[in-house]
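What follows is the content of coords-v6.txt (compact mmCIF, C-alpha atoms).
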# COMPACT_ATOMS: atom_id res chain seq x y z
CA MET A 1 55.96 -24.57 -12.99
CA ARG A 2 52.30 -25.03 -12.09
CA ASN A 3 49.99 -22.34 -13.52
CA PHE A 4 52.98 -20.54 -15.08
CA ASN A 5 51.04 -19.49 -18.18
CA ILE A 6 48.13 -17.86 -16.37
CA LYS A 7 50.46 -16.28 -13.79
CA ALA A 8 52.44 -14.65 -16.63
CA ILE A 9 49.21 -13.30 -18.14
CA LEU A 10 48.14 -11.86 -14.78
CA PHE A 11 51.47 -10.03 -14.62
CA LEU A 12 51.02 -8.68 -18.17
CA ASN A 13 47.45 -7.51 -17.56
CA TYR A 14 48.44 -5.78 -14.34
CA PHE A 15 51.38 -4.17 -16.16
CA VAL A 16 49.07 -2.65 -18.80
CA PHE A 17 46.75 -1.14 -16.21
CA ALA A 18 49.66 0.11 -14.13
CA ILE A 19 50.67 2.35 -17.02
CA LEU A 20 47.17 3.59 -17.76
CA LEU A 21 46.00 4.05 -14.18
CA ASN A 22 49.08 5.85 -12.92
CA SER A 23 49.50 8.14 -15.90
CA VAL A 24 47.13 10.52 -14.11
CA GLY A 25 50.03 12.45 -12.54
CA THR A 26 51.61 13.03 -15.94
CA VAL A 27 48.28 13.94 -17.50
CA ILE A 28 47.50 16.40 -14.68
CA LEU A 29 50.79 18.15 -15.37
CA GLN A 30 50.24 18.18 -19.15
CA VAL A 31 46.63 19.42 -19.16
CA GLN A 32 47.71 22.35 -16.99
CA GLN A 33 50.16 23.29 -19.74
CA ASN A 34 48.06 22.34 -22.80
CA PHE A 35 44.66 23.66 -21.75
CA GLY A 36 45.41 26.15 -18.94
CA ILE A 37 43.66 24.02 -16.31
CA SER A 38 44.24 24.97 -12.64
CA LYS A 39 45.68 22.50 -10.12
CA SER A 40 42.40 22.13 -8.26
CA SER A 41 40.49 21.56 -11.51
CA ALA A 42 43.08 19.11 -12.83
CA SER A 43 42.95 17.14 -9.57
CA VAL A 44 39.39 15.99 -10.41
CA LEU A 45 40.90 13.55 -12.91
CA GLU A 46 41.78 11.41 -9.90
CA GLY A 47 38.08 11.35 -9.04
CA PHE A 48 37.06 10.48 -12.60
CA LYS A 49 39.42 7.52 -12.29
CA ASP A 50 38.75 6.40 -8.74
CA LEU A 51 35.00 6.93 -8.35
CA PRO A 52 34.12 4.62 -11.28
CA ILE A 53 36.52 2.09 -9.71
CA ALA A 54 34.68 2.34 -6.40
CA ILE A 55 31.16 2.26 -7.86
CA CYS A 56 31.80 -0.61 -10.27
CA SER A 57 33.69 -2.62 -7.67
CA PHE A 58 30.81 -2.27 -5.23
CA ILE A 59 28.27 -3.35 -7.85
CA LEU A 60 30.23 -6.16 -9.51
CA ALA A 61 32.31 -7.72 -6.73
CA SER A 62 29.77 -10.12 -5.26
CA PHE A 63 28.71 -11.77 -8.51
CA LEU A 64 31.73 -11.24 -10.78
CA PRO A 65 32.67 -14.96 -10.61
CA LYS A 66 29.32 -15.75 -12.24
CA ILE A 67 30.15 -13.33 -15.07
CA GLY A 68 33.48 -15.08 -15.35
CA ILE A 69 36.90 -13.94 -14.19
CA LYS A 70 38.46 -14.36 -17.62
CA ASN A 71 35.51 -12.70 -19.34
CA SER A 72 35.76 -9.71 -16.99
CA MET A 73 39.44 -9.24 -17.79
CA LEU A 74 38.73 -9.47 -21.53
CA ILE A 75 36.01 -6.81 -21.27
CA ALA A 76 38.39 -4.53 -19.37
CA LEU A 77 41.15 -4.87 -21.95
CA PHE A 78 38.73 -4.33 -24.85
CA LEU A 79 37.38 -1.08 -23.35
CA VAL A 80 40.78 0.48 -22.67
CA SER A 81 42.11 -0.59 -26.08
CA CYS A 82 39.29 1.26 -27.83
CA MET A 83 39.70 4.38 -25.68
CA CYS A 84 43.47 4.50 -26.22
CA PHE A 85 43.00 4.54 -29.98
CA VAL A 86 40.66 7.55 -29.58
CA MET A 87 42.99 9.65 -27.38
CA PRO A 88 45.47 10.83 -30.07
CA PHE A 89 42.57 12.83 -31.55
CA SER A 90 41.57 14.49 -28.25
CA ASN A 91 41.54 18.29 -28.16
CA ASP A 92 39.71 19.17 -24.95
CA PHE A 93 39.83 18.43 -21.21
CA TRP A 94 36.66 16.32 -21.26
CA PHE A 95 38.44 13.63 -23.31
CA PHE A 96 40.70 12.98 -20.34
CA LYS A 97 37.75 12.78 -17.97
CA LEU A 98 36.23 10.15 -20.27
CA LEU A 99 39.56 8.32 -20.57
CA PHE A 100 40.02 7.95 -16.83
CA SER A 101 36.37 7.01 -16.35
CA ILE A 102 36.84 4.12 -18.80
CA VAL A 103 40.17 3.21 -17.23
CA GLY A 104 38.51 3.25 -13.78
CA ILE A 105 35.63 0.98 -14.82
CA SER A 106 38.02 -1.40 -16.57
CA PHE A 107 40.46 -1.46 -13.67
CA ALA A 108 37.65 -2.39 -11.29
CA LEU A 109 36.96 -5.45 -13.46
CA MET A 110 40.66 -6.24 -13.80
CA LYS A 111 41.76 -5.83 -10.19
CA ILE A 112 38.92 -7.87 -8.70
CA SER A 113 39.59 -10.57 -11.30
CA VAL A 114 43.34 -10.59 -10.66
CA PHE A 115 43.01 -10.63 -6.87
CA THR A 116 40.47 -13.44 -7.10
CA SER A 117 42.75 -15.37 -9.47
CA ILE A 118 45.68 -15.29 -7.03
CA GLY A 119 43.82 -17.65 -4.71
CA LEU A 120 43.23 -19.99 -7.66
CA VAL A 121 46.88 -20.24 -8.72
CA THR A 122 48.53 -20.45 -5.27
CA ASN A 123 48.29 -23.19 -2.62
CA THR A 124 49.49 -21.77 0.72
CA ASP A 125 49.20 -18.52 2.68
CA LYS A 126 52.92 -17.80 2.26
CA GLU A 127 52.77 -18.53 -1.47
CA HIS A 128 49.75 -16.23 -1.70
CA SER A 129 51.58 -13.44 0.16
CA SER A 130 54.73 -13.87 -1.90
CA PHE A 131 52.90 -13.88 -5.24
CA MET A 132 50.90 -10.82 -4.17
CA GLY A 133 54.13 -8.99 -3.35
CA PHE A 134 55.74 -9.86 -6.69
CA LEU A 135 52.57 -8.98 -8.60
CA GLU A 136 52.30 -5.58 -6.92
CA GLY A 137 56.01 -5.09 -7.56
CA PHE A 138 55.50 -5.76 -11.26
CA PHE A 139 52.60 -3.30 -11.17
CA MET A 140 55.10 -0.65 -10.10
CA ILE A 141 57.44 -1.70 -12.91
CA GLY A 142 54.51 -0.83 -15.17
CA VAL A 143 54.20 2.58 -13.48
CA LEU A 144 57.93 3.13 -14.00
CA ALA A 145 57.74 2.08 -17.66
CA GLY A 146 54.71 4.31 -18.18
CA ASN A 147 56.47 7.38 -16.81
CA VAL A 148 59.52 6.73 -18.99
CA LEU A 149 57.30 6.10 -22.02
CA PHE A 150 55.34 9.33 -21.55
CA SER A 151 58.54 11.34 -20.99
CA LEU A 152 59.84 10.20 -24.41
CA PHE A 153 56.88 11.92 -26.09
CA ILE A 154 57.20 15.20 -24.15
CA ASP A 155 58.43 18.35 -25.91
CA ASP A 156 60.28 20.40 -23.25
CA HIS A 157 60.73 23.31 -25.64
CA ASN A 158 57.03 23.67 -26.42
CA PRO A 159 54.79 23.22 -23.34
CA LYS A 160 51.67 23.65 -25.50
CA SER A 161 52.61 20.74 -27.78
CA THR A 162 50.14 17.81 -27.85
CA HIS A 163 52.63 15.45 -29.49
CA TRP A 164 52.65 13.46 -26.25
CA LEU A 165 49.15 12.17 -27.06
CA ASN A 166 50.74 9.83 -29.61
CA VAL A 167 51.82 7.67 -26.67
CA TYR A 168 48.27 6.29 -26.66
CA TRP A 169 48.90 4.47 -29.97
CA VAL A 170 51.53 2.44 -28.13
CA LEU A 171 49.28 1.86 -25.13
CA GLY A 172 46.37 0.81 -27.36
CA ALA A 173 48.55 -1.74 -29.13
CA LEU A 174 49.82 -3.10 -25.79
CA SER A 175 46.26 -3.45 -24.46
CA ALA A 176 45.15 -5.24 -27.63
CA LEU A 177 48.10 -7.63 -27.36
CA SER A 178 47.20 -8.42 -23.75
CA PHE A 179 43.64 -9.12 -24.87
CA LEU A 180 44.84 -11.68 -27.43
CA PHE A 181 47.15 -13.46 -24.97
CA LEU A 182 44.35 -13.77 -22.41
CA PHE A 183 41.78 -14.83 -25.00
CA PHE A 184 43.82 -17.91 -25.91
CA SER A 185 44.65 -18.88 -22.30
CA LYS A 186 42.80 -21.15 -19.87
CA LEU A 187 41.83 -20.43 -16.26
CA ASP A 188 40.06 -22.87 -13.94
CA GLU A 189 37.54 -20.69 -12.08
CA ASN A 190 35.57 -23.38 -10.22
CA GLU A 191 36.95 -22.67 -6.73
CA ALA A 192 35.99 -18.99 -7.02
CA LYS A 193 32.32 -19.89 -7.44
CA ASN A 194 29.86 -20.82 -4.77
CA GLU A 195 27.37 -22.92 -6.67
CA LYS A 196 25.09 -23.18 -3.62
CA THR A 197 24.10 -19.53 -3.77
CA ASP A 198 22.21 -17.32 -6.18
CA LEU A 199 22.80 -13.59 -6.74
CA ILE A 200 21.01 -12.66 -3.49
CA GLY A 201 23.12 -15.19 -1.61
CA ASP A 202 26.31 -13.77 -3.11
CA ILE A 203 25.33 -10.27 -2.02
CA LYS A 204 24.58 -11.52 1.50
CA ASN A 205 28.00 -13.17 1.63
CA SER A 206 29.59 -9.88 0.63
CA ILE A 207 27.67 -7.93 3.28
CA SER A 208 28.63 -10.54 5.89
CA LEU A 209 32.26 -9.47 5.56
CA PHE A 210 31.40 -6.26 7.43
CA SER A 211 30.54 -8.33 10.51
CA TYR A 212 34.22 -9.12 11.06
CA LYS A 213 36.20 -6.51 12.99
CA LYS A 214 39.41 -7.61 11.28
CA VAL A 215 37.88 -6.77 7.89
CA LEU A 216 36.77 -3.35 9.13
CA PHE A 217 40.22 -2.43 10.43
CA PHE A 218 41.76 -3.77 7.23
CA LEU A 219 39.52 -1.47 5.16
CA VAL A 220 40.66 1.48 7.30
CA CYS A 221 44.29 0.47 6.63
CA ALA A 222 43.70 0.16 2.87
CA PHE A 223 41.94 3.53 2.75
CA LEU A 224 44.69 5.33 4.69
CA PHE A 225 47.54 3.72 2.77
CA VAL A 226 46.19 4.57 -0.68
CA LEU A 227 45.35 8.10 0.51
CA VAL A 228 49.08 8.60 1.18
CA GLU A 229 50.42 6.58 -1.74
CA GLN A 230 48.23 8.17 -4.40
CA SER A 231 48.93 11.72 -3.24
CA PHE A 232 52.66 11.08 -3.71
CA GLN A 233 52.34 9.27 -7.03
CA THR A 234 49.93 11.79 -8.53
CA TRP A 235 51.65 15.00 -7.43
CA THR A 236 55.34 14.10 -7.68
CA PRO A 237 55.68 15.32 -11.31
CA THR A 238 54.06 18.68 -10.44
CA PHE A 239 56.18 18.95 -7.27
CA TYR A 240 59.35 18.48 -9.30
CA LYS A 241 58.25 20.92 -11.98
CA GLU A 242 57.06 23.76 -9.72
CA ILE A 243 58.97 23.33 -6.45
CA LEU A 244 62.30 21.97 -7.66
CA LYS A 245 62.05 23.77 -11.06
CA LEU A 246 63.09 20.76 -13.15
CA PRO A 247 62.26 20.37 -16.88
CA THR A 248 58.92 18.69 -17.62
CA SER A 249 60.48 15.49 -18.98
CA MET A 250 62.67 15.13 -15.87
CA SER A 251 59.67 15.80 -13.64
CA ILE A 252 57.79 12.95 -15.28
CA GLN A 253 60.87 10.73 -15.09
CA ALA A 254 60.97 11.47 -11.35
CA GLY A 255 57.63 9.67 -11.23
CA ALA A 256 59.41 6.74 -12.90
CA VAL A 257 62.11 6.78 -10.21
CA LEU A 258 59.38 6.80 -7.56
CA ALA A 259 57.73 3.85 -9.30
CA GLY A 260 61.07 2.04 -9.46
CA ALA A 261 61.50 2.48 -5.72
CA PHE A 262 57.97 1.17 -5.22
CA ALA A 263 58.71 -1.82 -7.44
CA LEU A 264 61.89 -2.68 -5.52
CA GLY A 265 60.04 -2.34 -2.22
CA ARG A 266 57.26 -4.63 -3.35
CA PHE A 267 59.60 -7.25 -4.78
CA LEU A 268 61.43 -7.21 -1.46
CA SER A 269 58.10 -7.61 0.33
CA GLY A 270 57.60 -10.82 -1.65
CA PHE A 271 60.86 -12.05 -0.10
CA PHE A 272 60.44 -10.70 3.44
CA SER A 273 56.85 -11.94 3.71
CA LYS A 274 58.31 -15.47 3.77
CA LYS A 275 60.66 -14.57 6.63
CA PHE A 276 58.80 -12.18 8.91
CA SER A 277 55.28 -11.57 10.20
CA TRP A 278 53.40 -8.99 8.10
CA ILE A 279 52.91 -6.67 11.08
CA TYR A 280 56.67 -6.27 11.53
CA VAL A 281 57.09 -5.46 7.85
CA VAL A 282 54.27 -2.90 7.90
CA SER A 283 55.42 -1.25 11.14
CA PHE A 284 59.00 -0.91 9.92
CA CYS A 285 57.85 0.61 6.62
CA VAL A 286 55.43 3.14 8.14
CA ILE A 287 57.93 4.38 10.74
CA GLY A 288 60.78 4.42 8.22
CA PHE A 289 58.77 6.39 5.67
CA ALA A 290 57.62 8.95 8.25
CA LEU A 291 61.19 9.54 9.43
CA SER A 292 62.52 9.84 5.87
CA LEU A 293 59.76 12.34 5.10
CA LEU A 294 60.84 14.52 8.02
CA PHE A 295 64.42 14.34 6.81
CA VAL A 296 63.95 14.86 3.05
CA LEU A 297 61.23 17.53 2.77
CA PRO A 298 63.28 20.29 4.52
CA LEU A 299 65.95 19.74 1.85
CA THR A 300 63.52 20.79 -0.89
CA HIS A 301 63.26 24.37 0.43
CA ASN A 302 65.33 27.03 -1.38
CA THR A 303 66.90 24.45 -3.70
CA THR A 304 68.64 26.09 -6.66
CA ILE A 305 68.58 24.06 -9.88
CA SER A 306 70.03 25.42 -13.12
CA ALA A 307 68.38 25.19 -16.51
CA ASN A 308 71.05 22.68 -17.61
CA THR A 309 70.32 20.21 -14.80
CA THR A 310 70.20 16.53 -15.78
CA TRP A 311 70.09 13.30 -13.80
CA LEU A 312 73.89 13.28 -13.90
CA ASN A 313 74.34 16.59 -12.06
CA ALA A 314 71.12 17.04 -10.06
CA PRO A 315 71.23 17.83 -6.29
CA VAL A 316 70.93 14.84 -3.98
CA VAL A 317 67.37 15.77 -2.93
CA VAL A 318 66.19 15.12 -6.49
CA TYR A 319 67.08 11.46 -5.94
CA LEU A 320 66.10 11.14 -2.29
CA PHE A 321 62.49 12.25 -2.64
CA PRO A 322 61.28 9.44 -4.93
CA LEU A 323 63.44 6.79 -3.24
CA MET A 324 61.24 7.12 -0.15
CA GLY A 325 58.68 5.12 -2.11
CA GLY A 326 60.70 1.98 -1.42
CA LEU A 327 59.66 2.17 2.23
CA LEU A 328 56.00 2.83 1.48
CA ALA A 329 55.69 0.05 -1.11
CA PRO A 330 55.51 -3.21 0.93
CA ILE A 331 52.55 -2.08 3.03
CA TYR A 332 49.75 -2.58 0.47
CA PRO A 333 50.50 -6.16 -0.67
CA SER A 334 51.17 -7.18 2.93
CA ILE A 335 47.80 -6.08 4.30
CA ASN A 336 45.91 -7.28 1.19
CA SER A 337 47.40 -10.74 1.34
CA VAL A 338 46.79 -11.26 5.03
CA ILE A 339 43.08 -10.44 4.73
CA LEU A 340 42.52 -12.53 1.59
CA ALA A 341 44.32 -15.48 3.13
CA SER A 342 41.99 -15.21 6.15
CA ILE A 343 38.75 -15.92 4.25
CA PRO A 344 37.42 -18.73 1.99
CA LYS A 345 38.26 -18.51 -1.72
CA TYR A 346 34.62 -18.07 -2.77
CA LEU A 347 34.63 -14.75 -0.82
CA HIS A 348 37.81 -13.47 -2.48
CA SER A 349 35.90 -11.69 -5.23
CA ALA A 350 33.70 -9.85 -2.70
CA MET A 351 36.70 -8.99 -0.52
CA SER A 352 38.67 -7.83 -3.57
CA GLY A 353 35.78 -5.55 -4.45
CA LEU A 354 35.89 -3.96 -1.00
CA ILE A 355 39.66 -3.53 -1.33
CA VAL A 356 39.22 -1.73 -4.63
CA VAL A 357 36.34 0.44 -3.36
CA PHE A 358 38.14 1.70 -0.26
CA SER A 359 41.42 2.09 -2.13
CA ALA A 360 39.71 4.15 -4.82
CA ILE A 361 38.01 6.42 -2.29
CA GLY A 362 41.29 6.88 -0.42
CA GLY A 363 43.13 7.70 -3.64
CA THR A 364 40.57 10.30 -4.68
CA ILE A 365 40.47 12.04 -1.31
CA GLY A 366 44.28 11.97 -0.99
CA SER A 367 44.84 13.50 -4.42
CA ILE A 368 42.21 16.22 -4.00
CA ILE A 369 43.45 17.24 -0.53
CA THR A 370 47.06 17.29 -1.74
CA GLY A 371 46.13 19.33 -4.81
CA PHE A 372 44.21 21.87 -2.71
CA VAL A 373 46.95 22.28 -0.09
CA PHE A 374 49.61 22.38 -2.83
CA GLN A 375 47.76 25.24 -4.55
CA GLU A 376 46.80 27.23 -1.46
CA PHE A 377 49.92 26.73 0.68
CA SER A 378 52.94 24.76 -0.58
CA GLY A 379 53.98 21.38 -1.98
CA GLN A 380 56.00 20.61 1.14
CA ARG A 381 53.06 21.27 3.47
CA ALA A 382 50.84 19.06 1.31
CA PHE A 383 53.19 16.11 1.82
CA TYR A 384 53.75 16.81 5.53
CA LEU A 385 50.02 16.20 5.99
CA SER A 386 50.57 12.52 5.16
CA LEU A 387 52.04 12.04 8.65
CA ILE A 388 48.49 12.12 10.05
CA PRO A 389 47.08 9.17 8.03
CA LEU A 390 50.39 7.29 8.52
CA SER A 391 49.94 7.51 12.31
CA LEU A 392 46.36 6.23 12.04
CA LEU A 393 47.51 3.47 9.68
CA ILE A 394 50.00 1.92 12.05
CA ILE A 395 47.47 2.00 14.91
CA SER A 396 44.83 0.29 12.75
CA ALA A 397 47.33 -2.33 11.54
CA ILE A 398 48.33 -3.24 15.11
CA ILE A 399 44.67 -3.69 16.09
CA MET A 400 43.98 -5.68 12.91
CA ASN A 401 46.87 -8.04 13.72
CA LYS A 402 45.29 -8.94 17.07
CA LEU A 403 41.93 -9.89 15.55
CA LYS A 404 40.94 -13.26 14.09
CA ILE A 405 38.39 -14.37 11.52
CA ASN A 406 36.43 -17.58 11.85
CA PRO A 407 34.29 -17.64 8.68
CA LYS A 408 31.00 -19.47 8.80
CA LYS A 409 30.97 -22.38 6.43
What would the structure in this file look like if it were written as structure tokens?
Amino acid sequence: MRNFNIKAILFLNYFVFAILLNSVGTVILQVQQNFGISKSSASVLEGFKDLPIAICSFILASFLPKIGIKNSMLIALFLVSCMCFVMPFSNDFWFFKLLFSIVGISFALMKISVFTSIGLVTNTDKEHSSFMGFLEGFFMIGVLAGNVLFSLFIDDHNPKSTHWLNVYWVLGALSALSFLFLFFSKLDENEAKNEKTDLIGDIKNSISLFSYKKVLFFLVCAFLFVLVEQSFQTWTPTFYKEILKLPTSMSIQAGAVLAGAFALGRFLSGFFSKKFSWIYVVSFCVIGFALSLLFVLPLTHNTTISANTTWLNAPVVVYLFPLMGGLLAPIYPSINSVILASIPKYLHSAMSGLIVVFSAIGGTIGSIITGFVFQEFSGQRAFYLSLIPLSLLIISAIIMNKLKINPKK
């Protein structure tokens, strides 16, 4: 299979960052128990992760191909490997702020590089869309694996225990292994470079993307989607612990079930993107998720769960809540692929940077709003609020579908 080696490495690199990036929900729950941090204070970890992603993506996107796509991924893996080997010795909240800052900076490098690489290893729009769906699906497999991995290090009988920090030895080793695999691989980056322009020209090309209405509506879609997605992913463990009264390990595993549903949804999007127009897929998913939200959340009120509850005897709502993620999942790869396939390959790095910036901002705002409403009102009300951005998302997607891009050569 053409480009099989580099495709496999892209999957592995994305897998590593899926675990690190989406461990924030688990860490938020644990720092509340280990260090007595409030929900609103713990929610800032999302900002320490997402703001560096946004800032670095904005700065690096336009000229990252000149740095080198492979070199950027190597730098990202080196940084997170070093930080992971430091974390088992952490004994204060600021360590976690530093961790997610490093993870954010590194993910900015990785995601722009990976998104740019997709255009280099695929040949058609449908192949691009399909590979994007499978890649994002594998990302969610990483989120699932990360939640399971963290839950194995949790001590349910001693909430103050910091034994769970030993998980970072495993993550550091995995990051280092990914670094070695990438180091000895080859990637042809020529098509991602525009040799006719200098740094100023690259920046102008990036700014020119804002002149297209389709790009603007896409950025609105990306922002709104991640606002909803990240609020669910980040606060599901806390919701299960405090609203459904499940043990900590099960609460974290619920995040794994949510990730599994996301993974299945994104793998299916890789299949359905070959059969149906992206707008039909997105519309079905948004409407389906909104309806399931209205059905499932009322079931979480006044739910009685005993201290001996396990996955084998839990009430049905314990399973239904994370399974909703399967409907939400196909939206992100669908809208990302359609916009990247609409522009020349030498602009993919700049466009990927904008995707990461607006996604990061949406994730930060979504998590902080959810954390505030969760603390001041209720977990259910916090998730009901997602119906507002979902409504705006489907409107923006419909408008985006009607617009065309005719890039200037």
My list of candidates is A:Trp235, A:Tyr212, A:Phe78, A:Tyr332. Which is closest to A:Phe179 when distances are computed with all atoms listed in the file?
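Using all atoms listed in the file, the shortest distance to A:Phe179 belongs to A:Phe78.
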Work out how far apart atom CA of A:Leu149 and atom CA of A:Ala173 are and give it in Å to one decimal.
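Distance reported for this atom pair: 13.7 Å.
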Find the residue from A:Leu165, A:Leu45, A:Leu120, A:Ile37 that sits nearest to A:Ser90; use all atoms listed in the file when measuring.
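Ranked by minimum distance to A:Ser90, first place goes to A:Leu165.
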Hey, what's within 10 Å of A:Leu10 if we count all atoms listed in the file and toss same-chain stuff fewer than 3 positions away? As a list in words, please?
Phe4, Asn5, Ile6, Lys7, Asn13, Tyr14, Phe15, Met73, Met110, Lys111, Ser113, Val114, Phe115, Ser117, Ile118, Leu135, Ser178 and Leu182 of chain A
Compare A:Leu246, A:Val228, A:Ile361, A:Ala382 by their minimum atom-to-atom distance to A:Glu46, counting all atoms listed in the file, and give me the closest one.
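Of A:Leu246, A:Val228, A:Ile361, A:Ala382, the one nearest A:Glu46 is A:Ile361, counting all atoms listed in the file.
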Check the smallest atom-to-atom distance from each of A:Val121, A:Ile243, A:Ile339, A:Leu51 to A:Ile355 using only C-alpha atoms, then report the winner.
A:Ile339
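For the pair atom CA of A:His348 and atom CA of A:Thr116, the interatomic distance is 5.3 Å.
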Point out the residue among A:Ile252, A:Val170, A:Leu209, A:Ala290 with the least atom-to-atom distance to A:Pro88, counting all atoms listed in the file.
A:Val170
Which residues come within 9 Å of stretch 308-313 of chain A, counting only C-alpha atoms, excluding same-chain residues fewer than 6 positions away, as a ChimeraX atom specification?
/A:246-247,250,319
Quick one: residues within 10 Å of A:Val281, only C-alpha atoms, excluding same-chain residues fewer than 4 positions away - as a PyMOL selection string?
chain A and resi 269+272-273+275-277+285-286+327+330-331+334-335
